[in-house]
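Structure file data-v5.cif (mmCIF, C-alpha atoms) follows.
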data_upload
#
loop_
_atom_site.label_atom_id
_atom_site.label_comp_id
_atom_site.auth_asym_id
_atom_site.auth_seq_id
_atom_site.Cartn_x
_atom_site.Cartn_y
_atom_site.Cartn_z
CA MET A 1 -14.74 -2.20 1.33
CA HIS A 2 -13.29 0.99 -0.08
CA VAL A 3 -11.62 0.99 -3.49
CA ASP A 4 -8.63 3.19 -4.25
CA VAL A 5 -6.45 3.68 -7.29
CA MET A 6 -2.68 3.29 -7.06
CA THR A 7 -0.48 5.88 -8.72
CA ALA A 8 2.98 7.36 -8.57
CA PRO A 9 3.26 11.09 -7.89
CA GLN A 10 3.23 13.20 -11.03
CA PRO A 11 4.46 16.78 -11.54
CA LEU A 12 2.69 18.84 -8.91
CA ARG A 13 0.82 20.99 -11.41
CA ALA A 14 -0.84 17.82 -12.71
CA MET A 15 -1.87 16.41 -9.36
CA GLY A 16 -4.95 18.55 -8.82
CA ALA A 17 -6.54 17.49 -12.09
CA LEU A 18 -5.69 13.84 -11.40
CA ALA A 19 -7.32 14.00 -7.97
CA GLN A 20 -10.45 15.66 -9.32
CA ARG A 21 -10.74 13.12 -12.14
CA THR A 22 -10.26 10.26 -9.64
CA HIS A 23 -13.01 11.60 -7.39
CA ALA A 24 -15.38 12.17 -10.31
CA ALA A 25 -14.74 8.69 -11.71
CA GLY A 26 -15.99 7.04 -8.52
CA PHE A 27 -12.88 5.92 -6.64
CA ASP A 28 -12.85 6.34 -2.87
CA GLY A 29 -9.24 7.46 -2.78
CA ILE A 30 -5.70 7.47 -4.11
CA LEU A 31 -2.76 5.48 -2.81
CA PHE A 32 0.57 7.11 -3.69
CA THR A 33 3.71 5.05 -4.15
CA GLU A 34 7.12 6.65 -3.55
CA GLY A 35 9.83 6.21 -6.15
CA ALA A 36 11.39 8.90 -8.30
CA ARG A 37 9.14 11.57 -6.75
CA THR A 38 8.27 12.03 -3.10
CA VAL A 39 4.74 11.36 -1.93
CA TYR A 40 3.91 14.15 0.50
CA PRO A 41 3.78 17.10 -1.93
CA ALA A 42 1.59 15.03 -4.25
CA VAL A 43 -0.80 14.15 -1.42
CA THR A 44 -0.96 17.82 -0.46
CA ALA A 45 -1.85 18.91 -3.99
CA ALA A 46 -4.51 16.20 -4.25
CA ALA A 47 -5.99 17.07 -0.85
CA LEU A 48 -6.42 20.72 -1.77
CA ALA A 49 -7.89 19.96 -5.19
CA ALA A 50 -10.35 17.20 -4.28
CA PRO A 51 -11.84 17.53 -0.78
CA GLY A 52 -13.52 14.31 0.30
CA LEU A 53 -11.03 12.00 -1.36
CA HIS A 54 -9.24 9.47 0.87
CA LEU A 55 -5.47 9.76 0.44
CA SER A 56 -2.68 7.51 1.64
CA THR A 57 0.99 6.78 1.14
CA GLY A 58 1.67 3.26 0.06
CA ILE A 59 4.34 3.45 0.99
CA ALA A 60 6.47 6.40 2.09
CA VAL A 61 10.04 5.26 2.75
CA ALA A 62 10.47 5.60 6.50
CA PHE A 63 14.15 5.57 7.41
CA PRO A 64 15.39 8.57 5.36
CA ARG A 65 13.03 10.76 7.42
CA SER A 66 13.00 11.12 11.19
CA PRO A 67 9.83 9.93 12.96
CA MET A 68 9.10 13.53 13.94
CA ILE A 69 9.22 14.70 10.31
CA SER A 70 6.87 11.91 9.21
CA ALA A 71 4.54 12.64 12.11
CA GLN A 72 4.40 16.36 11.30
CA LEU A 73 3.70 15.68 7.62
CA ALA A 74 0.97 13.17 8.46
CA TRP A 75 -0.57 15.53 11.02
CA GLU A 76 -0.88 18.40 8.55
CA LEU A 77 -2.28 16.12 5.84
CA GLN A 78 -4.80 14.64 8.27
CA GLU A 79 -5.95 18.17 9.02
CA ALA A 80 -6.08 19.11 5.32
CA THR A 81 -8.18 16.05 4.44
CA ASP A 82 -10.57 16.32 7.41
CA GLY A 83 -9.34 12.98 8.73
CA ARG A 84 -9.06 11.08 5.42
CA PHE A 85 -5.30 10.52 5.36
CA ARG A 86 -3.43 7.29 6.12
CA LEU A 87 0.33 7.27 6.68
CA GLY A 88 1.70 4.13 5.04
CA LEU A 89 5.34 3.40 5.89
CA GLY A 90 7.81 0.87 4.60
CA THR A 91 11.45 -0.07 4.85
CA GLN A 92 12.38 -0.20 1.14
CA VAL A 93 15.47 -2.40 0.58
CA ARG A 94 19.04 -2.07 1.81
CA THR A 95 20.54 -0.85 -1.47
CA HIS A 96 18.15 2.08 -1.71
CA VAL A 97 18.29 3.08 1.93
CA VAL A 98 22.08 2.83 2.28
CA ARG A 99 23.37 3.74 -1.18
CA ARG A 100 20.64 6.12 -2.44
CA TYR A 101 19.48 7.77 0.80
CA GLY A 102 22.68 7.39 2.82
CA MET A 103 20.87 6.07 5.90
CA GLU A 104 21.19 3.05 8.19
CA PHE A 105 19.31 -0.15 7.50
CA GLU A 106 20.38 -2.62 10.18
CA ARG A 107 17.54 -4.77 11.56
CA PRO A 108 14.88 -3.08 9.44
CA GLY A 109 11.91 -4.88 11.03
CA PRO A 110 12.61 -3.88 14.64
CA ARG A 111 13.67 -0.45 13.42
CA LEU A 112 10.32 0.06 11.67
CA ARG A 113 8.47 -1.12 14.77
CA ASP A 114 10.26 1.48 16.86
CA TYR A 115 9.62 4.07 14.15
CA VAL A 116 5.84 3.50 14.23
CA LEU A 117 5.75 3.83 18.00
CA ALA A 118 7.84 7.00 17.80
CA VAL A 119 5.44 8.52 15.25
CA LYS A 120 2.49 7.75 17.49
CA ALA A 121 4.32 9.27 20.45
CA CYS A 122 4.68 12.46 18.38
CA PHE A 123 0.93 12.47 17.70
CA ALA A 124 0.26 12.30 21.43
CA ALA A 125 2.71 15.12 22.03
CA PHE A 126 0.96 17.29 19.43
CA ARG A 127 -2.18 16.96 21.57
CA GLY A 128 -0.30 18.08 24.68
CA ALA A 129 1.19 14.92 26.21
CA PRO A 130 4.90 14.88 27.12
CA LEU A 131 7.13 13.62 24.30
CA ASP A 132 8.76 10.66 26.00
CA HIS A 133 9.69 7.93 23.53
CA HIS A 134 12.67 5.76 24.46
CA GLY A 135 13.17 3.07 21.83
CA GLU A 136 16.02 0.91 20.64
CA PHE A 137 16.59 3.09 17.58
CA TYR A 138 14.82 6.39 18.28
CA GLU A 139 14.71 8.57 21.36
CA LEU A 140 12.42 11.60 21.31
CA THR A 141 12.13 13.67 24.48
CA PHE A 142 11.79 17.34 23.61
CA ILE A 143 8.95 19.44 22.22
CA ASN A 144 7.43 22.70 23.40
CA PRO A 145 4.35 24.63 22.24
CA GLN A 146 6.41 26.79 19.89
CA TRP A 147 7.48 23.74 17.87
CA SER A 148 4.31 21.68 18.11
CA PRO A 149 1.62 21.94 15.41
CA GLY A 150 -0.93 21.57 18.20
CA PRO A 151 -4.16 19.56 18.26
CA ILE A 152 -6.31 19.18 15.15
CA ASP A 153 -10.04 18.67 14.77
CA ALA A 154 -9.62 15.11 13.47
CA PRO A 155 -8.51 11.76 14.90
CA ASP A 156 -4.84 10.84 14.85
CA PRO A 157 -3.78 9.61 11.40
CA HIS A 158 -3.77 5.88 10.91
CA VAL A 159 -0.25 4.50 10.60
CA ASP A 160 0.06 1.49 8.27
CA ILE A 161 3.09 -0.57 7.31
CA ALA A 162 4.06 -2.76 4.38
CA ALA A 163 4.63 -6.35 5.49
CA VAL A 164 5.34 -9.64 3.72
CA ASN A 165 7.00 -12.15 6.04
CA PRO A 166 5.37 -13.56 9.17
CA TRP A 167 7.44 -11.50 11.63
CA MET A 168 6.51 -8.23 9.95
CA LEU A 169 2.85 -9.20 9.73
CA LYS A 170 2.74 -10.01 13.42
CA MET A 171 4.51 -6.74 14.20
CA ALA A 172 1.90 -4.89 12.14
CA GLY A 173 -0.75 -6.45 14.34
CA GLU A 174 1.09 -5.29 17.43
CA VAL A 175 1.69 -1.62 16.61
CA ALA A 176 0.13 -0.54 13.29
CA ASP A 177 -3.37 0.47 12.22
CA GLY A 178 -3.18 -1.23 8.86
CA VAL A 179 -1.02 -3.49 6.74
CA HIS A 180 -0.18 -3.03 3.07
CA VAL A 181 -0.32 -6.52 1.61
CA HIS A 182 2.14 -7.23 -1.20
CA PRO A 183 0.95 -6.92 -4.84
CA ILE A 184 1.63 -10.62 -5.50
CA ALA A 185 -0.44 -11.73 -2.55
CA GLU A 186 -3.11 -14.30 -3.37
CA LEU A 187 -5.93 -15.57 -1.20
CA GLY A 188 -4.00 -18.63 -0.06
CA TYR A 189 -1.08 -16.50 1.15
CA ILE A 190 -3.49 -14.11 2.84
CA GLY A 191 -5.18 -17.00 4.63
CA ARG A 192 -1.94 -18.78 5.61
CA HIS A 193 0.13 -15.78 6.65
CA VAL A 194 -1.58 -12.40 6.71
CA LEU A 195 -4.71 -13.13 8.71
CA PRO A 196 -3.24 -15.42 11.40
CA ASN A 197 -0.09 -13.38 11.98
CA VAL A 198 -1.90 -10.05 12.16
CA ALA A 199 -4.40 -11.65 14.55
CA ALA A 200 -1.57 -13.01 16.71
CA GLY A 201 -0.03 -9.55 16.86
CA THR A 202 -3.24 -7.86 17.88
CA ALA A 203 -3.99 -10.52 20.50
CA SER A 204 -0.57 -10.01 22.09
CA THR A 205 -1.38 -6.34 22.71
CA GLY A 206 -5.02 -6.71 23.70
CA ARG A 207 -6.49 -5.53 20.42
CA GLN A 208 -8.87 -7.14 17.95
CA ALA A 209 -7.84 -8.29 14.48
CA SER A 210 -10.46 -5.89 13.10
CA ASP A 211 -8.42 -3.00 14.55
CA VAL A 212 -5.89 -3.49 11.73
CA ALA A 213 -7.07 -2.67 8.21
CA LEU A 214 -5.99 -4.93 5.35
CA ILE A 215 -5.04 -2.85 2.33
CA ILE A 216 -4.82 -5.22 -0.63
CA PRO A 217 -3.62 -4.29 -4.12
CA VAL A 218 -5.25 -6.27 -6.92
CA THR A 219 -4.09 -6.84 -10.45
CA THR A 220 -7.04 -7.02 -12.81
CA ILE A 221 -7.41 -8.45 -16.30
CA VAL A 222 -10.57 -6.91 -17.68
CA GLY A 223 -12.16 -6.49 -21.06
CA ASP A 224 -15.01 -7.36 -23.37
CA THR A 225 -12.87 -8.54 -26.29
CA ASP A 226 -10.08 -11.08 -26.66
CA GLU A 227 -7.76 -8.29 -27.71
CA GLU A 228 -8.52 -6.24 -24.61
CA LEU A 229 -8.03 -9.21 -22.31
CA GLU A 230 -4.79 -10.28 -23.96
CA ARG A 231 -3.41 -6.75 -23.58
CA ASP A 232 -3.99 -6.94 -19.84
CA ARG A 233 -2.53 -10.45 -19.63
CA ARG A 234 0.72 -9.24 -21.20
CA ALA A 235 0.94 -6.36 -18.74
CA ALA A 236 0.21 -8.67 -15.81
CA ARG A 237 2.94 -11.09 -16.87
CA GLN A 238 5.47 -8.27 -16.92
CA MET A 239 4.40 -6.98 -13.51
CA LEU A 240 4.37 -10.40 -11.85
CA SER A 241 7.76 -11.30 -13.30
CA PHE A 242 9.23 -8.07 -11.93
CA TYR A 243 8.09 -8.92 -8.39
CA GLY A 244 8.80 -12.59 -8.94
CA SER A 245 12.50 -11.92 -9.33
CA THR A 246 12.86 -10.96 -5.65
CA PRO A 247 14.21 -13.87 -3.55
CA ASN A 248 12.35 -12.76 -0.41
CA TYR A 249 9.05 -13.36 -2.17
CA ALA A 250 9.89 -16.83 -3.48
CA PHE A 251 7.93 -18.56 -0.72
CA ILE A 252 4.70 -16.94 -1.93
CA TRP A 253 5.05 -18.60 -5.35
CA ASP A 254 6.22 -21.90 -3.87
CA GLU A 255 3.34 -22.20 -1.41
CA ALA A 256 0.83 -21.38 -4.16
CA GLY A 257 2.06 -24.43 -6.11
CA PHE A 258 4.56 -22.72 -8.41
CA GLU A 259 7.85 -23.93 -6.98
CA GLY A 260 10.99 -22.58 -8.60
CA THR A 261 9.29 -19.59 -10.22
CA THR A 262 11.72 -17.09 -8.69
CA ALA A 263 14.80 -19.08 -9.71
CA ARG A 264 13.61 -19.35 -13.30
CA ILE A 265 12.76 -15.67 -13.52
CA ARG A 266 16.12 -14.68 -12.01
CA ALA A 267 17.99 -16.77 -14.57
CA HIS A 268 16.38 -14.72 -17.35
CA GLN A 269 16.97 -11.50 -15.41
CA LYS A 270 20.70 -12.17 -15.05
CA ALA A 271 20.86 -12.72 -18.81
CA GLY A 272 19.05 -9.44 -19.49
CA ASP A 273 16.17 -11.39 -21.03
CA PHE A 274 13.12 -9.42 -19.92
CA ALA A 275 10.80 -11.15 -22.39
CA GLY A 276 11.97 -14.45 -20.95
CA MET A 277 11.14 -13.24 -17.45
CA ALA A 278 7.55 -12.54 -18.47
CA SER A 279 7.30 -15.87 -20.31
CA GLU A 280 7.72 -17.71 -16.98
CA ILE A 281 4.34 -16.37 -15.87
CA THR A 282 1.86 -18.94 -17.13
CA ASP A 283 -1.89 -18.78 -17.49
CA ASP A 284 -2.11 -20.69 -14.20
CA HIS A 285 -0.07 -17.96 -12.50
CA LEU A 286 -2.45 -15.35 -13.87
CA ALA A 287 -5.50 -17.26 -12.68
CA THR A 288 -4.06 -17.44 -9.15
CA PHE A 289 -2.58 -13.98 -8.74
CA CYS A 290 -4.97 -11.82 -10.82
CA THR A 291 -8.70 -11.23 -11.14
CA GLU A 292 -10.03 -11.65 -14.69
CA ALA A 293 -13.52 -10.60 -15.77
CA SER A 294 -15.58 -8.66 -18.26
CA TRP A 295 -16.31 -5.05 -17.41
CA ASP A 296 -19.84 -5.93 -16.32
CA GLY A 297 -18.56 -8.79 -14.17
CA LEU A 298 -15.54 -7.18 -12.51
CA ALA A 299 -17.32 -5.62 -9.52
CA ALA A 300 -18.96 -8.93 -8.63
CA ALA A 301 -15.68 -10.82 -9.09
CA LEU A 302 -13.80 -8.48 -6.78
CA THR A 303 -16.58 -8.47 -4.19
CA THR A 304 -16.80 -12.27 -4.17
CA LYS A 305 -13.03 -12.67 -3.91
CA TYR A 306 -12.17 -9.99 -1.35
CA GLY A 307 -15.41 -9.14 0.46
CA GLY A 308 -14.99 -9.75 4.16
CA VAL A 309 -11.19 -9.89 3.77
CA ALA A 310 -10.00 -6.49 2.56
CA ASP A 311 -10.82 -3.16 4.15
CA ARG A 312 -9.40 -1.28 1.18
CA LEU A 313 -8.84 -2.65 -2.31
CA VAL A 314 -6.25 -0.87 -4.40
CA LEU A 315 -6.59 -1.25 -8.16
CA TYR A 316 -2.95 -1.72 -9.08
CA ASN A 317 -3.05 -1.07 -12.80
CA ALA A 318 -5.94 1.41 -13.11
CA GLY A 319 -3.73 4.45 -12.58
CA THR A 320 -1.82 3.94 -15.83
CA GLU A 321 -4.88 3.35 -17.99
CA THR A 322 -6.38 5.38 -20.83
CA PRO A 323 -8.96 7.97 -19.75
CA GLU A 324 -11.81 5.78 -20.99
CA ARG A 325 -10.66 2.69 -19.11
CA PHE A 326 -9.83 4.79 -16.03
CA ASP A 327 -13.45 5.98 -15.91
CA ARG A 328 -14.70 2.42 -16.33
CA TYR A 329 -12.51 1.34 -13.42
CA GLY A 330 -13.99 4.19 -11.40
CA ALA A 331 -17.49 2.92 -12.12
CA VAL A 332 -16.40 -0.54 -10.92
CA ALA A 333 -14.97 1.02 -7.76
CA ARG A 334 -18.28 2.73 -7.07
CA GLN A 335 -20.14 -0.57 -7.54
CA VAL A 336 -17.82 -2.45 -5.17
CA SER A 337 -18.11 0.22 -2.50
CA GLY A 338 -21.88 0.18 -2.87
CA ARG A 339 -22.11 -3.63 -2.71
CA THR A 340 -20.04 -3.79 0.48
CA GLY A 341 -21.53 -0.76 2.25
CA ALA A 342 -18.27 1.21 2.30
#

What would you get if you wrote out this structure as structure tokens?
Amino acid sequence: MHVDVMTAPQPLRAMGALAQRTHAAGFDGILFTEGARTVYPAVTAAALAAPGLHLSTGIAVAFPRSPMISAQLAWELQEATDGRFRLGLGTQVRTHVVRRYGMEFERPGPRLRDYVLAVKACFAAFRGAPLDHHGEFYELTFINPQWSPGPIDAPDPHVDIAAVNPWMLKMAGEVADGVHVHPIAELGYIGRHVLPNVAAGTASTGRQASDVALIIPVTTIVGDTDEELERDRRAARQMLSFYGSTPNYAFIWDEAGFEGTTARIRAHQKAGDFAGMASEITDDHLATFCTEASWDGLAAALTTKYGGVADRLVLYNAGTETPERFDRYGAVARQVSGRTGA
């Protein structure tokens, strides 16, 4: 089980130092989220500064870029990292895709499925196969040696997708190499939805469930003093309430025994009461959706909870920590990787 740190891209001149510090601390890799800054330049800077680090996008927004553009970017980054890059793709939400990016969003699940297959068709074409993808949303039929990056001395990049609902999870099993599990996933949700739906998808295409990596972000509450632990609990409440306001995720709370959580959080949100949003996250929520431990006990807690389930753990909140706590998280990452033979 590899352990990565999650971070948003920073100014490019800062990315090299961040990558080197991440590698030295003991993390296996960095997962880059895409928001205000784009992910691919940040991955490039990190790859050049810290050879040996695993790098992935988690996620890059798919639809504003053509499948060919995403394939070319992934191909070059796979070459630059000696095969340690994973292309994580996601749909984002309608408002962002339509109103911020000016792109189409109809039927995002089937569109993303076609997108993944189109990207993989580009990879095959880069190795010399005809480019011959005819999908519902994308049709790619032309490439010649002048415009192909050509083969690389590394396997094709893994293509992962973000998935929450059962249809998307099954689709991930059908066409993707990995699935980015949602940050508010808990073991019950993973057992009820992620594992069986991914397995159903792989079975329908003649693959094994183990062919699809589970990339699971974890929110940790860690410390050796009450003050340290309470600081993390406050941050976790804010994070969980942010995600908890999304109607599409309401079923995750409900099935975990916290019915009505989303409705209560949204009532505070509509009133502009952000403190009230966080107050809806109880200690029981934290116990279900987070991992709490002392520093000495965190590696064992994560290994016990996710060993045999996750292929890659992503420490959700480590990337925004102080330098001292960042290094302590890196030491935990090294212990987890060592315990699980990563």

For this file, the PyMOL selection byres ((chain A and resi 61) around 10) selects which residues, as a PyMOL selection string? chain A and resi 33-35+38-39+57-60+62-65+70+88-93+96-97+101

Separation of CA of Arg339 (chain A) from CA of His54 (chain A) in Å: 18.7 Å

If the PyMOL selection byres ((chain A and resi 112) around 12) were run on this exact file, what residues would it hold? Put them as a ChimeraX atom specification. /A:61-67,88-92,104-111,113-119,135-138,159-163,167-168,171-172,175-176

What is the CA of Asp311 (chain A)-CA of Gln335 (chain A) distance in Å, reported with one decimal?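 Separation between CA of Asp311 (chain A) and CA of Gln335 (chain A): 15.2 Å.
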
Polymer residues at most 10 Å from Arg21 (chain A), all atoms listed in the file, same-chain spacing of 4 or more positions, as a list in words: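 Using all atoms listed in the file, the neighbours found are Met15, Gly16, Ala17, Ala25, Gly26, Phe27, Ala50, Pro323, Phe326, Asp327 and Gly330 of chain A.
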
For CA of Ser245 (chain A) and CA of Pro166 (chain A), the interatomic separation in Å (one decimal): 19.9 Å

For the structure provided, state which residues fall under the PyMOL selection byres ((chain A and resi 320) around 12), and present them as a ChimeraX atom specification. /A:5-10,18,232,235,315-319,321-327,329

Only C-alpha atoms, please: the residues just picked out, written as a compact mmCIF listing (two decimals), in the frame of the given file.
# COMPACT_ATOMS: atom_id res chain seq x y z
CA VAL A 5 -6.45 3.68 -7.29
CA MET A 6 -2.68 3.29 -7.06
CA THR A 7 -0.48 5.88 -8.72
CA ALA A 8 2.98 7.36 -8.57
CA PRO A 9 3.26 11.09 -7.89
CA GLN A 10 3.23 13.20 -11.03
CA LEU A 18 -5.69 13.84 -11.40
CA ASP A 232 -3.99 -6.94 -19.84
CA ALA A 235 0.94 -6.36 -18.74
CA LEU A 315 -6.59 -1.25 -8.16
CA TYR A 316 -2.95 -1.72 -9.08
CA ASN A 317 -3.05 -1.07 -12.80
CA ALA A 318 -5.94 1.41 -13.11
CA GLY A 319 -3.73 4.45 -12.58
CA GLU A 321 -4.88 3.35 -17.99
CA THR A 322 -6.38 5.38 -20.83
CA PRO A 323 -8.96 7.97 -19.75
CA GLU A 324 -11.81 5.78 -20.99
CA ARG A 325 -10.66 2.69 -19.11
CA PHE A 326 -9.83 4.79 -16.03
CA ASP A 327 -13.45 5.98 -15.91
CA TYR A 329 -12.51 1.34 -13.42

In the coordinate frame of the file, compute which residues have an atom within 12 Å of (11.6, -8.8, -15.1) when using all atoms listed in the file, and state them as an mmCIF file with C-alpha atoms, in the frame of the given file.
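Final output, saved to point_4.cif:
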data_model
loop_
_atom_site.group_PDB
_atom_site.id
_atom_site.type_symbol
_atom_site.label_atom_id
_atom_site.label_comp_id
_atom_site.auth_asym_id
_atom_site.auth_seq_id
_atom_site.Cartn_x
_atom_site.Cartn_y
_atom_site.Cartn_z
ATOM 1 C CA ALA A 235 0.940 -6.360 -18.740
ATOM 2 C CA ALA A 236 0.210 -8.670 -15.810
ATOM 3 C CA ARG A 237 2.940 -11.090 -16.870
ATOM 4 C CA GLN A 238 5.470 -8.270 -16.920
ATOM 5 C CA MET A 239 4.400 -6.980 -13.510
ATOM 6 C CA LEU A 240 4.370 -10.400 -11.850
ATOM 7 C CA SER A 241 7.760 -11.300 -13.300
ATOM 8 C CA PHE A 242 9.230 -8.070 -11.930
ATOM 9 C CA TYR A 243 8.090 -8.920 -8.390
ATOM 10 C CA GLY A 244 8.800 -12.590 -8.940
ATOM 11 C CA SER A 245 12.500 -11.920 -9.330
ATOM 12 C CA THR A 246 12.860 -10.960 -5.650
ATOM 13 C CA THR A 262 11.720 -17.090 -8.690
ATOM 14 C CA ARG A 264 13.610 -19.350 -13.300
ATOM 15 C CA ILE A 265 12.760 -15.670 -13.520
ATOM 16 C CA ARG A 266 16.120 -14.680 -12.010
ATOM 17 C CA ALA A 267 17.990 -16.770 -14.570
ATOM 18 C CA HIS A 268 16.380 -14.720 -17.350
ATOM 19 C CA GLN A 269 16.970 -11.500 -15.410
ATOM 20 C CA LYS A 270 20.700 -12.170 -15.050
ATOM 21 C CA ALA A 271 20.860 -12.720 -18.810
ATOM 22 C CA GLY A 272 19.050 -9.440 -19.490
ATOM 23 C CA ASP A 273 16.170 -11.390 -21.030
ATOM 24 C CA PHE A 274 13.120 -9.420 -19.920
ATOM 25 C CA ALA A 275 10.800 -11.150 -22.390
ATOM 26 C CA GLY A 276 11.970 -14.450 -20.950
ATOM 27 C CA MET A 277 11.140 -13.240 -17.450
ATOM 28 C CA ALA A 278 7.550 -12.540 -18.470
ATOM 29 C CA SER A 279 7.300 -15.870 -20.310
ATOM 30 C CA GLU A 280 7.720 -17.710 -16.980
ATOM 31 C CA ILE A 281 4.340 -16.370 -15.870
#

Counting only C-alpha atoms, closest pick from A:Ala129, A:Met103, A:Ala209, A:Leu286 relative to Ile184 (chain A) is A:Leu286

Write out as JSON, numbers by chain which residues come within 10 Å of Pro217 (chain A) when counting only C-alpha atoms, dropping same-chain ones fewer than 3 positions away. {"A": [3, 4, 5, 6, 31, 180, 181, 182, 183, 184, 185, 214, 220, 310, 312, 313, 314, 315, 316, 317]}

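If all atoms listed in the file are the atoms counted, then among A:Thr44, A:Ser210, A:Thr288, A:Thr219 the closest residue to Trp253 (chain A) is A:Thr288.
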
Measuring atom to atom with only C-alpha atoms, identify which of A:Gly188, A:Ala250, A:His193, A:Met68 is nearest to Glu139 (chain A).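 Among the listed residues, the smallest separation from Glu139 (chain A) belongs to A:Met68.
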
Shell around Gly52 (chain A) at 10 Å using all atoms listed in the file, local window under 6 positions removed, as a PDB file with C-alpha atoms, in the frame of the given file:
ATOM      1  CA  HIS A  23     -13.010  11.600  -7.390  1.00  0.00           C
ATOM      2  CA  ASP A  28     -12.850   6.340  -2.870  1.00  0.00           C
ATOM      3  CA  GLY A  29      -9.240   7.460  -2.780  1.00  0.00           C
ATOM      4  CA  THR A  81      -8.180  16.050   4.440  1.00  0.00           C
ATOM      5  CA  ASP A  82     -10.570  16.320   7.410  1.00  0.00           C
ATOM      6  CA  GLY A  83      -9.340  12.980   8.730  1.00  0.00           C
ATOM      7  CA  ARG A  84      -9.060  11.080   5.420  1.00  0.00           C
TER       8      ARG A  84
END

Measuring between all atoms listed in the file, which one of A:Ala299, A:Ile221, A:Leu140, A:Ile252 shows the shortest distance to Asn165 (chain A)? A:Ile252

Find the residues around Gly341 (chain A) up to 10 Å (all atoms listed in the file counted), leave out those fewer than 3 positions away in its own chain, and share them as a PyMOL selection string. chain A and resi 1-2+335-338

Non-local contacts of Glu76 (chain A) (12 Å; all atoms listed in the file; under 6 positions in same chain excluded) as number ranges by chain: A: 40-41, 43-44, 47-48, 69-70, 82-87, 123, 126, 148-157

Take region 19-30 of chain A, bring it up to N, CA and C atoms, and give me the output as a PDB file, in the frame of the given file.
ATOM      1  N   ALA A  19      -6.476  14.246  -9.135  1.00  0.00           N
ATOM      2  CA  ALA A  19      -7.320  14.000  -7.970  1.00  0.00           C
ATOM      3  C   ALA A  19      -8.789  14.265  -8.281  1.00  0.00           C
ATOM      4  N   GLN A  20      -9.069  15.348  -8.981  1.00  0.00           N
ATOM      5  CA  GLN A  20     -10.450  15.660  -9.320  1.00  0.00           C
ATOM      6  C   GLN A  20     -11.044  14.608 -10.250  1.00  0.00           C
ATOM      7  N   ARG A  21     -10.251  14.142 -11.221  1.00  0.00           N
ATOM      8  CA  ARG A  21     -10.740  13.120 -12.140  1.00  0.00           C
ATOM      9  C   ARG A  21     -10.982  11.799 -11.394  1.00  0.00           C
ATOM     10  N   THR A  22     -10.105  11.481 -10.426  1.00  0.00           N
ATOM     11  CA  THR A  22     -10.260  10.260  -9.640  1.00  0.00           C
ATOM     12  C   THR A  22     -11.547  10.299  -8.823  1.00  0.00           C
ATOM     13  N   HIS A  23     -11.795  11.438  -8.203  1.00  0.00           N
ATOM     14  CA  HIS A  23     -13.010  11.600  -7.390  1.00  0.00           C
ATOM     15  C   HIS A  23     -14.247  11.504  -8.276  1.00  0.00           C
ATOM     16  N   ALA A  24     -14.218  12.172  -9.415  1.00  0.00           N
ATOM     17  CA  ALA A  24     -15.380  12.170 -10.310  1.00  0.00           C
ATOM     18  C   ALA A  24     -15.639  10.786 -10.893  1.00  0.00           C
ATOM     19  N   ALA A  25     -14.575  10.014 -11.105  1.00  0.00           N
ATOM     20  CA  ALA A  25     -14.740   8.690 -11.710  1.00  0.00           C
ATOM     21  C   ALA A  25     -15.446   7.714 -10.779  1.00  0.00           C
ATOM     22  N   GLY A  26     -15.307   7.912  -9.455  1.00  0.00           N
ATOM     23  CA  GLY A  26     -15.990   7.040  -8.520  1.00  0.00           C
ATOM     24  C   GLY A  26     -15.090   6.314  -7.535  1.00  0.00           C
ATOM     25  N   PHE A  27     -13.783   6.537  -7.610  1.00  0.00           N
ATOM     26  CA  PHE A  27     -12.880   5.920  -6.640  1.00  0.00           C
ATOM     27  C   PHE A  27     -13.059   6.572  -5.273  1.00  0.00           C
ATOM     28  N   ASP A  28     -12.812   5.791  -4.228  1.00  0.00           N
ATOM     29  CA  ASP A  28     -12.850   6.340  -2.870  1.00  0.00           C
ATOM     30  C   ASP A  28     -11.601   7.141  -2.549  1.00  0.00           C
ATOM     31  N   GLY A  29     -10.464   6.758  -3.130  1.00  0.00           N
ATOM     32  CA  GLY A  29      -9.240   7.460  -2.780  1.00  0.00           C
ATOM     33  C   GLY A  29      -8.093   7.131  -3.711  1.00  0.00           C
ATOM     34  N   ILE A  30      -6.935   7.699  -3.374  1.00  0.00           N
ATOM     35  CA  ILE A  30      -5.700   7.470  -4.110  1.00  0.00           C
ATOM     36  C   ILE A  30      -4.645   6.975  -3.133  1.00  0.00           C
TER      37      ILE A  30
END
